[in-house]
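So the structure is just underneath, and the comments pick up after that.
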Amino acid sequence: MSTILYSHPACIEHDMGPMHPESPARLRAVLDALGGDAFSALIRREAPAATTDQIARVHPRDYVERLLAAIPESGRVQLDPDTAVGPASGEAALRAAGAVCAAVDDVIAGKASNAFCAVRPPGHHAEPSRPMGFCLFNNVAVGAEQARAVHGLGRVAVVDFDVHHGNGTQAMFWDDKDLFYASTHQSPHYPGTGSAAERGSAGNIVNAPLPPFTGSAEFREAMQAIILPALAEFAPEFLLISAGFDAHADDPLASLELDEDDFAWATRQLMDVADRHCDGRIVSTLEGGYDLAALGRSAAAHVRTLMTA
């Protein structure tokens, strides 16, 4: 079948200030990398804005309302030491979460085999009641609940290969045996969570922390020995990917040593599990990645692999 690419110009307008690593240039780099002839078969769609009801499935409604009310008409408001909002940030956050919901709807409806959401701000650090780590709403968790609440699916999984542990997603999934979260990430590193001992209330959390300077062989071993068997045992009805590309060797915010071939390989392995357990249904959403050239190449490798479904 085909792959859908969701994005929106508002996601470029979100700006946390000069020299901030989570910059509008990140999304431009991804979209430029996906603009060549090799990606002409992508179905390109504009991300809708998520509704408050959709986001309130994972964040308290008053948190959603307070965050949107904090969006300034000019200038910037600092929400935590790493995370700020400007005039365009509210729409960007709504479009980022809305992209994942729309992608889930389309993939479940059979309009495509899978989808990639090229959006920002990212989401996996956003906890139920606080933004953090460049994230406002937890986009992938919102998408997981879209699959359950709207489409009646039972078991939904998220696999996260961002270099930073997705503490927010883990917190949201911890007490629900029908939600599965697995992560490879550098440790010790921000945000300080993600030890192998963090297992969730029903063994539904699987962490594979990797020491600094881990390379391809060790990453692939962690995926094959820890992440993929646990995912297959969970047997998801739908799979979401938190696709962060900051584990790349060129990334300035961490010190793992992967390359774009590793991201393509991981994508293929996840697709194989999805083929066996959930009719290949995958939605992936952009998380980190801060070297622009490496980010573009890595996102292209990821999406090129998704397109082979």
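Please note that chains go A, B, ... in the order of the structure tokens, that every chain numbers its residues from 1, and that ligands are numbered from 1 in the order shown.
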Spatial neighbours of Pro128 of chain A, 7 Å, only C-alpha atoms, chain gap at least 2 places, as a ChimeraX atom specification: /A:58-60,126,130,172
Residues within 9 Å of segment 91-104 of chain A, only C-alpha atoms, excluding chain neighbours under 4 positions, as an MDAnalysis selection string: chainID A and resid 4:14 46:52 54:55 68 87 108:109 114:123 135:147 238 240 281:285
Strand (DSSP E) positions in segment 52-293 of chain A, given as number ranges by chain: A: 77-80, 83-85, 114-117, 156-160, 179-186, 205-210, 238-243, 282-286
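Proximity ranking of A:Phe134, A:Phe213, A:Phe219, A:Phe173 relative to Arg199 of chain A places A:Phe173 first, based on only C-alpha atoms.
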Per-residue DSSP, segment 90-278 of chain A, filtered to helix (DSSP H, G or I), as a PyMOL selection string: chain A and resi 90-108+139-149+167-173+216-234+260-277
I need the residues from that last selection saved to file as a PDB file, in the first residue's frame (with C-alpha atoms), if you can.
ATOM      1  CA  GLY A  90      -0.380  26.751  20.665  1.00  0.00           C
ATOM      2  CA  GLU A  91      -1.419  25.989  17.117  1.00  0.00           C
ATOM      3  CA  ALA A  92       1.784  24.037  16.518  1.00  0.00           C
ATOM      4  CA  ALA A  93       1.151  21.851  19.573  1.00  0.00           C
ATOM      5  CA  LEU A  94      -2.446  21.218  18.543  1.00  0.00           C
ATOM      6  CA  ARG A  95      -1.395  20.348  14.988  1.00  0.00           C
ATOM      7  CA  ALA A  96       1.357  18.009  16.234  1.00  0.00           C
ATOM      8  CA  ALA A  97      -1.082  16.023  18.369  1.00  0.00           C
ATOM      9  CA  GLY A  98      -3.749  16.259  15.696  1.00  0.00           C
ATOM     10  CA  ALA A  99      -1.402  14.822  13.081  1.00  0.00           C
ATOM     11  CA  VAL A 100      -0.941  11.648  15.097  1.00  0.00           C
ATOM     12  CA  CYS A 101      -4.695  11.296  15.659  1.00  0.00           C
ATOM     13  CA  ALA A 102      -5.459  11.781  11.974  1.00  0.00           C
ATOM     14  CA  ALA A 103      -2.706   9.360  11.003  1.00  0.00           C
ATOM     15  CA  VAL A 104      -4.131   6.735  13.370  1.00  0.00           C
ATOM     16  CA  ASP A 105      -7.579   7.244  11.830  1.00  0.00           C
ATOM     17  CA  ASP A 106      -6.253   6.877   8.281  1.00  0.00           C
ATOM     18  CA  VAL A 107      -4.137   3.802   8.934  1.00  0.00           C
ATOM     19  CA  ILE A 108      -6.935   2.020  10.784  1.00  0.00           C
ATOM     20  CA  ASN A 139       1.613  13.444  20.856  1.00  0.00           C
ATOM     21  CA  VAL A 140       2.226   9.704  20.730  1.00  0.00           C
ATOM     22  CA  ALA A 141       0.150   9.057  23.855  1.00  0.00           C
ATOM     23  CA  VAL A 142      -2.694  11.140  22.405  1.00  0.00           C
ATOM     24  CA  GLY A 143      -2.495   8.958  19.299  1.00  0.00           C
ATOM     25  CA  ALA A 144      -2.544   5.763  21.338  1.00  0.00           C
ATOM     26  CA  GLU A 145      -5.756   6.828  23.048  1.00  0.00           C
ATOM     27  CA  GLN A 146      -7.259   7.821  19.697  1.00  0.00           C
ATOM     28  CA  ALA A 147      -6.787   4.211  18.597  1.00  0.00           C
ATOM     29  CA  ARG A 148      -8.510   2.920  21.725  1.00  0.00           C
ATOM     30  CA  ALA A 149     -11.247   5.477  22.336  1.00  0.00           C
ATOM     31  CA  ASN A 167       9.512   9.747  30.720  1.00  0.00           C
ATOM     32  CA  GLY A 168       6.145  11.292  29.870  1.00  0.00           C
ATOM     33  CA  THR A 169       4.934   8.367  27.788  1.00  0.00           C
ATOM     34  CA  GLN A 170       6.126   5.926  30.410  1.00  0.00           C
ATOM     35  CA  ALA A 171       4.277   7.801  33.152  1.00  0.00           C
ATOM     36  CA  MET A 172       1.053   7.826  31.133  1.00  0.00           C
ATOM     37  CA  PHE A 173       1.243   4.096  30.329  1.00  0.00           C
ATOM     38  CA  SER A 216      25.403  -0.005  16.056  1.00  0.00           C
ATOM     39  CA  ALA A 217      26.154  -3.550  17.241  1.00  0.00           C
ATOM     40  CA  GLU A 218      25.134  -2.905  20.833  1.00  0.00           C
ATOM     41  CA  PHE A 219      22.001  -0.988  19.823  1.00  0.00           C
ATOM     42  CA  ARG A 220      20.883  -3.769  17.504  1.00  0.00           C
ATOM     43  CA  GLU A 221      21.568  -6.370  20.176  1.00  0.00           C
ATOM     44  CA  ALA A 222      19.416  -4.440  22.654  1.00  0.00           C
ATOM     45  CA  MET A 223      16.616  -4.269  20.129  1.00  0.00           C
ATOM     46  CA  GLN A 224      16.842  -7.962  19.249  1.00  0.00           C
ATOM     47  CA  ALA A 225      17.331  -9.296  22.766  1.00  0.00           C
ATOM     48  CA  ILE A 226      15.073  -6.971  24.778  1.00  0.00           C
ATOM     49  CA  ILE A 227      12.723  -4.704  22.839  1.00  0.00           C
ATOM     50  CA  LEU A 228      11.496  -6.842  19.945  1.00  0.00           C
ATOM     51  CA  PRO A 229      10.739 -10.027  21.941  1.00  0.00           C
ATOM     52  CA  ALA A 230       8.807  -8.034  24.544  1.00  0.00           C
ATOM     53  CA  LEU A 231       6.869  -6.221  21.822  1.00  0.00           C
ATOM     54  CA  ALA A 232       6.020  -9.503  20.105  1.00  0.00           C
ATOM     55  CA  GLU A 233       4.896 -11.039  23.397  1.00  0.00           C
ATOM     56  CA  PHE A 234       2.606  -8.058  24.013  1.00  0.00           C
ATOM     57  CA  GLU A 260      20.922   6.383   9.492  1.00  0.00           C
ATOM     58  CA  ASP A 261      21.336   2.708   8.565  1.00  0.00           C
ATOM     59  CA  ASP A 262      20.593   1.796  12.180  1.00  0.00           C
ATOM     60  CA  PHE A 263      17.334   3.744  12.100  1.00  0.00           C
ATOM     61  CA  ALA A 264      16.345   2.062   8.834  1.00  0.00           C
ATOM     62  CA  TRP A 265      17.177  -1.337  10.337  1.00  0.00           C
ATOM     63  CA  ALA A 266      15.164  -0.639  13.498  1.00  0.00           C
ATOM     64  CA  THR A 267      12.233   0.521  11.390  1.00  0.00           C
ATOM     65  CA  ARG A 268      12.326  -2.703   9.366  1.00  0.00           C
ATOM     66  CA  GLN A 269      12.400  -4.828  12.523  1.00  0.00           C
ATOM     67  CA  LEU A 270       9.408  -2.971  13.961  1.00  0.00           C
ATOM     68  CA  MET A 271       7.547  -3.352  10.674  1.00  0.00           C
ATOM     69  CA  ASP A 272       8.153  -7.106  10.791  1.00  0.00           C
ATOM     70  CA  VAL A 273       6.597  -7.325  14.271  1.00  0.00           C
ATOM     71  CA  ALA A 274       3.687  -5.146  13.134  1.00  0.00           C
ATOM     72  CA  ASP A 275       3.154  -7.397  10.105  1.00  0.00           C
ATOM     73  CA  ARG A 276       2.847 -10.410  12.399  1.00  0.00           C
ATOM     74  CA  HIS A 277       0.604  -8.885  15.044  1.00  0.00           C
TER      75      HIS A 277
END
Wanna dump the segment 4-46 of chain A-segment 241-259 of chain A contacts at 12 Å for me, each residue with its shortest atom pair and the distance in Å to one decimal, counting only C-alpha atoms, ordered by chain and number, as JSON lines?
{"residue": "A:His20", "atom": "CA", "partner": "A:Leu253", "partner_atom": "CA", "distance": 11.6}
{"residue": "A:Pro21", "atom": "CA", "partner": "A:Leu253", "partner_atom": "CA", "distance": 8.6}
{"residue": "A:Glu22", "atom": "CA", "partner": "A:Leu253", "partner_atom": "CA", "distance": 10.7}
{"residue": "A:Arg26", "atom": "CA", "partner": "A:Phe245", "partner_atom": "CA", "distance": 11.1}
{"residue": "A:Val30", "atom": "CA", "partner": "A:Phe245", "partner_atom": "CA", "distance": 10.9}
Selection: 12 Å around Leu42 of chain A, only C-alpha atoms, excl. self and same-chain fewer than 4 positions, as number ranges by chain: A: 1-6, 31, 34-38, 112-117, 300, 303-304, 306-308
Separation of atom CA of Asp32 of chain A from atom CA of Leu286 of chain A, in Å and rounded to one decimal: 14.6 Å
